[in-house]
Every structure is written in structure tokens, then in C-alpha cells.
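Peer 1: Quick one, coords_20.cif (mmCIF, C-alpha atoms and all ligand atoms):
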```cif
data_entry
#
loop_
_atom_site.label_atom_id
_atom_site.label_comp_id
_atom_site.auth_asym_id
_atom_site.auth_seq_id
_atom_site.Cartn_x
_atom_site.Cartn_y
_atom_site.Cartn_z
CA MET A 1 42.74 -18.07 39.48
CA THR A 2 42.20 -14.87 41.36
CA THR A 3 38.95 -14.00 43.06
CA GLN A 4 39.96 -10.36 43.44
CA GLN A 5 37.59 -8.01 41.64
CA SER A 6 39.40 -5.52 39.49
CA THR A 7 38.54 -1.93 40.21
CA PHE A 8 40.06 -0.36 37.09
CA VAL A 9 38.33 0.15 33.75
CA ILE A 10 40.02 1.31 30.55
CA THR A 11 37.91 3.07 27.92
CA PRO A 12 38.86 4.19 24.42
CA VAL A 13 37.98 7.82 23.69
CA PRO A 14 37.99 8.12 19.89
CA ALA A 15 39.68 11.20 18.40
CA PHE A 16 40.38 12.42 14.87
CA LYS A 17 39.96 9.73 12.20
CA ASP A 18 41.41 6.69 13.95
CA ASN A 19 43.14 7.72 17.21
CA TYR A 20 42.24 6.31 20.60
CA ILE A 21 42.87 8.38 23.72
CA TRP A 22 42.85 5.76 26.51
CA ALA A 23 41.06 6.67 29.76
CA ILE A 24 42.09 4.64 32.84
CA ALA A 25 39.54 5.03 35.63
CA ASN A 26 39.47 3.69 39.20
CA SER A 27 36.34 2.87 41.21
CA THR A 28 36.18 6.29 42.84
CA GLY A 29 35.93 8.11 39.52
CA ASP A 30 39.52 9.30 39.21
CA VAL A 31 40.93 9.00 35.71
CA VAL A 32 44.25 9.19 33.87
CA VAL A 33 44.27 9.75 30.10
CA VAL A 34 46.99 8.69 27.68
CA ASP A 35 47.95 10.80 24.64
CA PRO A 36 45.16 13.39 24.47
CA GLY A 37 45.69 14.67 20.94
CA ASP A 38 42.45 16.62 21.24
CA ALA A 39 40.91 18.11 24.40
CA ALA A 40 37.27 18.16 23.24
CA PRO A 41 36.56 14.39 23.25
CA VAL A 42 38.27 14.09 26.66
CA GLU A 43 36.15 16.91 28.13
CA ALA A 44 33.03 15.27 26.66
CA TYR A 45 34.03 11.92 28.18
CA LEU A 46 34.60 13.57 31.61
CA ALA A 47 31.27 15.40 31.45
CA LYS A 48 29.43 12.21 30.48
CA THR A 49 31.04 9.95 33.12
CA GLY A 50 31.42 12.50 35.92
CA GLN A 51 35.01 11.35 36.35
CA THR A 52 37.83 13.64 37.51
CA LEU A 53 40.98 13.96 35.43
CA LYS A 54 43.96 13.41 37.77
CA ALA A 55 46.93 13.04 35.41
CA ILE A 56 48.02 12.72 31.79
CA LEU A 57 50.55 10.33 30.23
CA ILE A 58 52.31 11.21 26.96
CA THR A 59 54.12 8.57 24.87
CA HIS A 60 55.77 10.83 22.26
CA HIS A 61 55.78 14.30 20.77
CA HIS A 62 53.50 13.94 17.71
CA ALA A 63 50.64 16.44 17.64
CA ASP A 64 47.90 13.80 17.43
CA HIS A 65 49.10 12.60 20.87
CA THR A 66 49.79 15.96 22.54
CA GLY A 67 47.49 18.54 20.91
CA GLY A 68 44.96 18.62 23.76
CA LEU A 69 47.48 19.13 26.57
CA THR A 70 47.39 22.91 26.89
CA GLN A 71 43.62 23.07 26.86
CA LEU A 72 43.16 20.23 29.39
CA CYS A 73 45.76 21.69 31.76
CA LYS A 74 44.32 25.20 31.52
CA ALA A 75 41.20 24.01 33.29
CA ARG A 76 42.97 22.06 36.07
CA GLU A 77 46.34 21.67 37.78
CA ILE A 78 47.46 18.09 37.14
CA PRO A 79 50.76 16.30 36.53
CA VAL A 80 51.71 15.39 32.96
CA TYR A 81 54.19 12.50 32.60
CA GLY A 82 56.20 12.16 29.42
CA PRO A 83 59.56 12.19 27.64
CA PRO A 84 62.37 14.46 28.87
CA GLY A 85 63.85 17.23 26.72
CA ASN A 86 61.42 20.15 27.13
CA HIS A 87 60.30 19.76 23.51
CA ILE A 88 56.72 18.93 24.56
CA LYS A 89 55.03 21.94 26.11
CA GLY A 90 53.04 21.00 29.19
CA ILE A 91 55.05 18.06 30.55
CA THR A 92 55.59 18.49 34.29
CA GLN A 93 57.22 15.12 35.11
CA SER A 94 59.96 13.93 32.74
CA VAL A 95 60.42 10.17 33.03
CA LEU A 96 63.06 7.73 31.81
CA ASP A 97 63.31 4.02 31.11
CA GLY A 98 63.02 2.08 34.37
CA ASP A 99 61.22 4.84 36.28
CA ASP A 100 58.00 4.03 38.05
CA PHE A 101 55.28 6.09 39.70
CA THR A 102 51.85 5.63 41.24
CA LEU A 103 48.65 7.38 40.12
CA ILE A 104 45.00 6.77 41.12
CA GLY A 105 46.05 3.64 43.05
CA THR A 106 48.07 1.84 40.37
CA GLN A 107 51.75 1.68 39.60
CA PHE A 108 53.07 2.56 36.13
CA LYS A 109 56.50 1.50 34.88
CA VAL A 110 58.23 3.43 32.10
CA LEU A 111 59.79 1.75 29.07
CA ALA A 112 61.82 3.78 26.57
CA LEU A 113 60.94 2.41 23.12
CA PRO A 114 62.68 4.52 20.46
CA GLY A 115 62.07 3.90 16.76
CA HIS A 116 58.86 5.62 15.64
CA THR A 117 60.35 8.71 17.32
CA LEU A 118 63.50 9.06 19.39
CA ASP A 119 61.59 10.17 22.48
CA HIS A 120 59.01 7.36 22.44
CA LEU A 121 57.94 5.92 25.83
CA ALA A 122 55.45 3.27 26.85
CA PHE A 123 53.68 2.93 30.21
CA LEU A 124 53.13 -0.46 31.79
CA MET A 125 50.23 -0.42 34.22
CA CYS A 126 50.65 -3.05 36.93
CA MET A 127 47.10 -3.76 38.13
CA PRO A 128 44.32 -6.03 36.86
CA VAL A 129 41.74 -4.29 34.72
CA SER A 130 38.08 -5.16 34.17
CA PRO A 131 36.99 -7.28 32.25
CA PHE A 132 40.38 -9.05 32.35
CA PRO A 133 40.79 -9.64 36.10
CA ASP A 134 43.48 -12.28 35.63
CA ASN A 135 45.72 -10.04 33.53
CA LYS A 136 48.24 -8.25 35.62
CA PHE A 137 49.69 -5.85 33.05
CA SER A 138 48.37 -3.32 30.55
CA LEU A 139 50.76 -1.59 28.15
CA PHE A 140 50.13 1.84 26.62
CA CYS A 141 52.56 1.83 23.74
CA GLY A 142 51.52 4.79 21.56
CA ASP A 143 52.69 4.31 17.97
CA THR A 144 55.36 1.64 18.57
CA LEU A 145 53.34 -1.56 18.23
CA PHE A 146 49.95 -1.72 16.52
CA ALA A 147 47.66 -4.73 16.35
CA ALA A 148 49.24 -6.87 13.59
CA GLY A 149 51.62 -4.03 12.72
CA CYS A 150 54.06 -1.40 13.98
CA GLY A 151 54.66 2.32 13.68
CA ARG A 152 56.63 3.94 10.89
CA LEU A 153 60.27 4.79 11.49
CA PHE A 154 60.25 8.59 11.47
CA GLU A 155 63.28 9.24 13.66
CA GLY A 156 64.88 6.07 14.99
CA SER A 157 66.99 3.42 13.25
CA PRO A 158 65.61 0.00 12.32
CA GLU A 159 67.81 -1.48 15.07
CA MET A 160 66.19 0.79 17.65
CA MET A 161 62.66 -0.06 16.50
CA TYR A 162 63.30 -3.78 16.27
CA THR A 163 64.83 -3.80 19.78
CA SER A 164 61.80 -1.87 21.08
CA LEU A 165 59.39 -4.35 19.47
CA LEU A 166 61.30 -7.31 20.91
CA ARG A 167 61.06 -5.73 24.37
CA ILE A 168 57.28 -5.55 23.99
CA GLY A 169 57.18 -9.12 22.68
CA ALA A 170 59.04 -10.35 25.78
CA LEU A 171 56.32 -9.13 28.19
CA PRO A 172 54.01 -11.76 29.75
CA GLU A 173 51.72 -13.20 27.07
CA ASP A 174 48.49 -12.11 28.76
CA THR A 175 49.58 -8.44 28.87
CA CYS A 176 46.87 -6.30 27.27
CA ILE A 177 48.19 -3.80 24.72
CA TYR A 178 46.47 -0.47 24.17
CA CYS A 179 47.75 0.99 20.90
CA ALA A 180 46.98 4.56 19.86
CA HIS A 181 45.34 3.87 16.48
CA GLU A 182 42.65 1.64 14.98
CA TYR A 183 44.74 0.23 12.12
CA THR A 184 44.04 -3.44 12.75
CA LEU A 185 42.11 -4.48 9.63
CA SER A 186 44.47 -2.81 7.16
CA ASN A 187 47.45 -4.22 9.08
CA ILE A 188 45.97 -7.71 8.88
CA GLY A 189 45.50 -7.24 5.12
CA PHE A 190 49.23 -6.65 4.77
CA ALA A 191 50.16 -9.37 7.27
CA ILE A 192 48.27 -11.94 5.17
CA GLU A 193 50.31 -10.90 2.11
CA ALA A 194 53.49 -11.39 4.14
CA GLU A 195 52.42 -14.68 5.75
CA PRO A 196 49.78 -16.28 3.51
CA ASP A 197 50.03 -19.62 5.33
CA ASN A 198 49.39 -18.24 8.82
CA LEU A 199 46.01 -19.68 9.88
CA HIS A 200 45.94 -17.55 13.04
CA LEU A 201 45.83 -14.51 10.76
CA MET A 202 42.87 -15.81 8.74
CA ARG A 203 40.91 -16.46 11.92
CA ARG A 204 41.88 -13.09 13.35
CA GLN A 205 40.77 -11.26 10.20
CA LYS A 206 37.29 -12.76 10.57
CA ARG A 207 37.11 -11.96 14.29
CA GLU A 208 38.32 -8.36 13.98
CA SER A 209 36.12 -7.67 10.93
CA GLU A 210 33.08 -8.69 12.96
CA LYS A 211 34.06 -6.28 15.74
CA ARG A 212 34.43 -3.40 13.26
CA HIS A 213 31.06 -4.21 11.66
CA GLN A 214 29.52 -3.83 15.09
CA GLY A 215 31.32 -0.51 15.55
CA LEU A 216 33.56 -1.94 18.29
CA PRO A 217 37.29 -1.26 18.71
CA THR A 218 39.60 -4.18 17.95
CA LEU A 219 41.76 -3.17 20.92
CA PRO A 220 43.16 -4.05 23.34
CA THR A 221 45.19 -6.82 21.83
CA THR A 222 47.52 -9.14 23.79
CA ILE A 223 51.13 -10.26 23.50
CA PHE A 224 49.79 -13.80 22.95
CA GLU A 225 47.80 -12.63 19.91
CA GLU A 226 50.60 -10.47 18.50
CA LEU A 227 53.26 -13.18 18.76
CA ARG A 228 51.05 -15.33 16.51
CA THR A 229 49.82 -12.73 14.03
CA ASN A 230 52.05 -9.65 13.97
CA PRO A 231 54.66 -10.08 11.20
CA PHE A 232 56.94 -7.48 12.82
CA LEU A 233 57.25 -9.81 15.86
CA ARG A 234 57.72 -12.84 13.59
CA CYS A 235 60.92 -11.93 11.71
CA HIS A 236 62.41 -15.25 12.90
CA SER A 237 59.80 -17.16 10.84
CA VAL A 238 61.35 -19.01 7.91
CA SER A 239 58.26 -18.71 5.72
CA LEU A 240 57.96 -14.97 6.43
CA LYS A 241 61.66 -14.53 5.56
CA GLU A 242 61.07 -16.32 2.25
CA GLN A 243 58.12 -14.08 1.37
CA VAL A 244 60.01 -10.87 2.25
CA SER A 245 63.11 -12.05 0.39
CA ALA A 246 61.12 -12.88 -2.75
CA ARG A 247 59.03 -9.70 -2.72
CA MET A 248 61.93 -7.34 -2.02
CA ALA A 249 64.49 -9.28 -4.14
CA GLN A 250 66.94 -9.37 -1.22
CA GLU A 251 68.98 -12.05 0.44
CA LEU A 252 68.22 -11.86 4.14
CA HIS A 253 70.90 -12.85 6.64
CA SER A 254 69.26 -11.98 9.97
CA ASP A 255 65.95 -11.30 11.69
CA LEU A 256 66.87 -7.60 11.74
CA GLU A 257 67.36 -7.55 7.97
CA THR A 258 64.01 -9.28 7.60
CA PHE A 259 62.48 -6.53 9.74
CA VAL A 260 64.12 -3.79 7.63
CA TYR A 261 62.74 -5.12 4.34
CA LEU A 262 59.36 -6.08 5.82
CA ARG A 263 58.94 -2.49 7.05
CA ARG A 264 60.03 -1.17 3.64
CA TRP A 265 57.50 -3.46 1.92
CA LYS A 266 54.75 -2.25 4.26
CA ASP A 267 55.67 1.38 3.53
CA GLN A 268 55.04 0.70 -0.16
CA PHE A 269 51.91 -1.40 0.41
ZN ZN B 301 53.31 9.15 16.23
#
```
What is this structure when it is put down as C-alpha cells?
Ligand SMILES: [Zn+2]

Peer 2:
Amino acid sequence: MTTQQSTFVITPVPAFKDNYIWAIANSTGDVVVVDPGDAAPVEAYLAKTGQTLKAILITHHHADHTGGLTQLCKAREIPVYGPPGNHIKGITQSVLDGDDFTLIGTQFKVLALPGHTLDHLAFLMCMPVSPFPDNKFSLFCGDTLFAAGCGRLFEGSPEMMYTSLLRIGALPEDTCIYCAHEYTLSNIGFAIEAEPDNLHLMRRQKRESEKRHQGLPTLPTTIFEELRTNPFLRCHSVSLKEQVSARMAQELHSDLETFVYLRRWKDQF
């Protein structure tokens, strides 16, 4: 057990209907935001907290993750880290898989996780965060993994997405995961259809429903939680395979095939 007090706090800034813009703040009031789809809630957050925006991280090109960039950067000169390719206006630092950089006193490692889009990145923050002082890692994974679900395949192949999800699933189990949308309850509804015998899912549904009734976010989640309740990380499960096979009238010969038809089922759900 560590006695070190964490000096970082991560706050969800709600945007649109169900987006979260994540704000990572250090003890001196410097802050990095992830995927500011809208500038107004970020400016309101900065005004309310008195924090200073030092940098922006972008996971992928969709407008609900990038729409606030121009406005936020008009008011201040700050670096914007994101995918290479010049297709996202406002990125000043293109980063690739394996890159790392330091901002506001913490290191971030870059993971390329194609599938939802081809340019999709995630950022792994390598410092403990309050109130989880024993957790070393926090992952900002945009629309790749959601609590009990995963993003749609708009650009990448199923192989790409499944490989990306397995990379997330291989992180240390106490890694906190900060997804970009509050989809948890509807994802759990589908997950229970796909794995009706999974008791972890039943318990999770109750827990997450209580949070939503109190107006609280269900995030962050953890790798530990997702490995037990996220069907897209459980394509090896025999009972899940049987459910997918029966529902989609397909013989399934691999975990990847299970993923393909599970995703197709979810798209129709
Ligand atoms: Zn997206």
C-alpha cells in the first residue's frame, strides 16, 4: 500500500446529450482536457474552478470530440495532441503508438486503437489519481471501449477493433478507464441479453442504476470490472458464444467471429 497522496483529480465535464469531456487537474490548478467537443462547458468549468487550461488531448476526429478546439485555442496558445494526418484542424502535436509526453507533471503514453475510426488513439496517464491513490494508470479511450460495451465500427475492420479491445483488456486490472460517453445502463441491458447467466452483470446493473438515479456518472470503470461484465471482452466465453450463435444463426469458429456477430447483434438491438 502506498502512503503517497495523489495530487491529480479527474472530473467529467458533461457535454451534448451523453458526452463526457474529461478534465485532468494537478494540485496547482493546471488542467488538461480530453476530447472537447464543445468549448462552452469547458470554459464554464474553467471559470468555476479557476483552473488554467494547459493542453488538449484528442482521441479521434469525430465532431463531438473535436468541435470545441478552435474556440478554446483562440483564447489561449496551448498544445493540442492527437492523431497525425492533418485532417483535424487545430492539432499541433501529432502522436503515434508508443509515443509518450509529459504535461502538468504526469506522463501520458499513446496507444493507437483503430476500429471505431482509423485514426483512433488512447492516452494512458501514468500517475495515481484521487480518490484512487493505489491505481497507477488511467486510460482515456474515447469511443473504443465503453462501460459494458464498445464503439461502433465506422471505419476499421472487426479485426482491428477486436485487437484494440484486447490491448485495453491486457492493461493492469486496476487501471481506471475514462470513456467518452455515458452509455453504461443501455450497454448493460444488452450485455444481460448476451450473457443471461452472468451474475456480475446483474449486480453491476443494480449498482450503476443507483448511481444514475443519484445523477452521478457511472465512470470511470476499471479493467477488472470490464473483464467480468463487458461482453466484447468476453468473446472467449463458451456461454456467450452459444448465445451469439443461437441469436445470429451462425456457427462460430473463433473469438473474432464471436466478436463480429456480437457487434452485429448489438447494432440491431
Ligand atoms: Zn466517435

Peer 1: Just the number, please: distance in Å from atom CA of A:Leu121 to atom CA of A:His60, one decimal.

Peer 2: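 Taking atom CA of A:Leu121 as the start and atom CA of A:His60 as the end point, the length is 6.4 Å.
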
Peer 1: Enumerate as an MDAnalysis selection string the residues within 10 Å of ligand ZN 301 (chain B), counting only C-alpha atoms and all ligand atoms.

Peer 2: chainID A and resid 59:66 116:117 120 142:144 151:154 180:181

Peer 1: With only C-alpha atoms as the counted atoms, please give the residues lying no more than 6 Å from stretch 20-31 of chain A, apart from itself and same-chain residues fewer than 2 positions off, as a list in words.

Peer 2: Thr7, Phe8, Val9, Ile10, Thr11, Pro12, Val13, Pro14, Ala15, Val33, Val34, Asp35, Pro36, Gln51, Thr52, Leu53, Lys54, Ala180 and His181 of chain A

Peer 1: What would the file look like if the residues just selected were written as a PDB file, in the coordinates of the input with C-alpha atoms?

Peer 2:
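Written out: out01.pdb:
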```pdb
ATOM      1  CA  THR A   7      38.540  -1.930  40.210  1.00  0.00           C
ATOM      2  CA  PHE A   8      40.060  -0.360  37.090  1.00  0.00           C
ATOM      3  CA  VAL A   9      38.330   0.150  33.750  1.00  0.00           C
ATOM      4  CA  ILE A  10      40.020   1.310  30.550  1.00  0.00           C
ATOM      5  CA  THR A  11      37.910   3.070  27.920  1.00  0.00           C
ATOM      6  CA  PRO A  12      38.860   4.190  24.420  1.00  0.00           C
ATOM      7  CA  VAL A  13      37.980   7.820  23.690  1.00  0.00           C
ATOM      8  CA  PRO A  14      37.990   8.120  19.890  1.00  0.00           C
ATOM      9  CA  ALA A  15      39.680  11.200  18.400  1.00  0.00           C
ATOM     10  CA  VAL A  33      44.270   9.750  30.100  1.00  0.00           C
ATOM     11  CA  VAL A  34      46.990   8.690  27.680  1.00  0.00           C
ATOM     12  CA  ASP A  35      47.950  10.800  24.640  1.00  0.00           C
ATOM     13  CA  PRO A  36      45.160  13.390  24.470  1.00  0.00           C
ATOM     14  CA  GLN A  51      35.010  11.350  36.350  1.00  0.00           C
ATOM     15  CA  THR A  52      37.830  13.640  37.510  1.00  0.00           C
ATOM     16  CA  LEU A  53      40.980  13.960  35.430  1.00  0.00           C
ATOM     17  CA  LYS A  54      43.960  13.410  37.770  1.00  0.00           C
ATOM     18  CA  ALA A 180      46.980   4.560  19.860  1.00  0.00           C
ATOM     19  CA  HIS A 181      45.340   3.870  16.480  1.00  0.00           C
TER      20      HIS A 181
END
```

Peer 1: I need the residue nearest A:Lys89 from this list: A:Ala194, A:Ser186, A:Gly67, A:Phe16. Use only C-alpha atoms for the distance.

Peer 2: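 Under the stated criterion, the closest residue is A:Gly67.
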
Peer 1: Expressed in Å to a single decimal, how great is the separation between atom CA of A:Ser237 and atom CA of A:Asp255?

Peer 2: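 Here the two named atoms are 8.5 Å from each other.
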
Peer 1: State, in Å with one decimal place, the distance from atom CA of A:Phe269 to atom CA of A:Gly37.

Peer 2: 26.8 Å

Peer 1: Set the distance at 12 Å and use all atoms listed in the file: which residues neighbour A:Lys136 once local chain neighbours fewer than 5 positions away are removed? I'd like the list as a list in words.

Peer 2: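 So the residues in contact are Met1, Thr2, Gln4, Ser6, Phe8, Thr106, Gln107, Phe108, Leu124, Met125, Cys126, Met127, Pro128, Val129, Ser130, Pro131, Leu171, Pro172, Glu173, Asp174, Thr175, Cys176, Ile177 and Thr222 of chain A.
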
Peer 1: Calculated over only C-alpha atoms, which of the candidates A:Asn187, A:Thr163, A:Thr49, A:Thr221 has the smallest distance to A:Gln205?

Peer 2: A:Asn187

Peer 1: Excluding A:Gly85 and its own-chain neighbours fewer than 3 positions away, which residues fall within 9 Å of it when counting only C-alpha atoms? Please give them as a list in words.

Peer 2: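 Using only C-alpha atoms, the neighbours found are Ile88, Ser94 and Asp119 of chain A.
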
Peer 1: Generate the output file for the selected residues, C-alpha atoms, as a PDB file, keeping the file's coordinate frame.

Peer 2:
```pdb
ATOM      1  CA  ILE A  88      56.720  18.930  24.560  1.00  0.00           C
ATOM      2  CA  SER A  94      59.960  13.930  32.740  1.00  0.00           C
ATOM      3  CA  ASP A 119      61.590  10.170  22.480  1.00  0.00           C
TER       4      ASP A 119
END
```

Peer 1: Go through A:Thr258, A:Gln268, A:Gln93, A:Thr102 and flag the residue nearest A:Pro79, using all atoms listed in the file for the distances.

Peer 2: A:Gln93

Peer 1: Would you mind telling me which residue in A:Met161, A:Leu72, A:Ile58, A:Leu201 lies nearest to A:Gly115 when using all atoms listed in the file?

Peer 2: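 When distances to A:Gly115 are compared using all atoms listed in the file, the smallest one comes from A:Met161.
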
Peer 1: From the set A:Val260, A:Leu69, A:Asp18, A:Cys235, which residue has the shortest atom-to-atom contact distance to A:Ala40, counting all atoms listed in the file?

Peer 2: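 Comparing A:Val260, A:Leu69, A:Asp18, A:Cys235 against A:Ala40, the winner is A:Leu69.
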
Peer 1: When you count all atoms listed in the file, which of these residues is closest to A:Ser157: A:Leu199, A:Ala246, A:Leu256, A:Ile78?

Peer 2: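 The shortest atom-to-atom distance to A:Ser157 comes from A:Leu256.
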
Peer 1: Dump as a ChimeraX atom specification all residues having an atom at most 6 Å from (60.8, -0.9, 23.1), computed in the file's coordinates with all atoms listed in the file.

Peer 2: /A:112-113,163-165,167-168
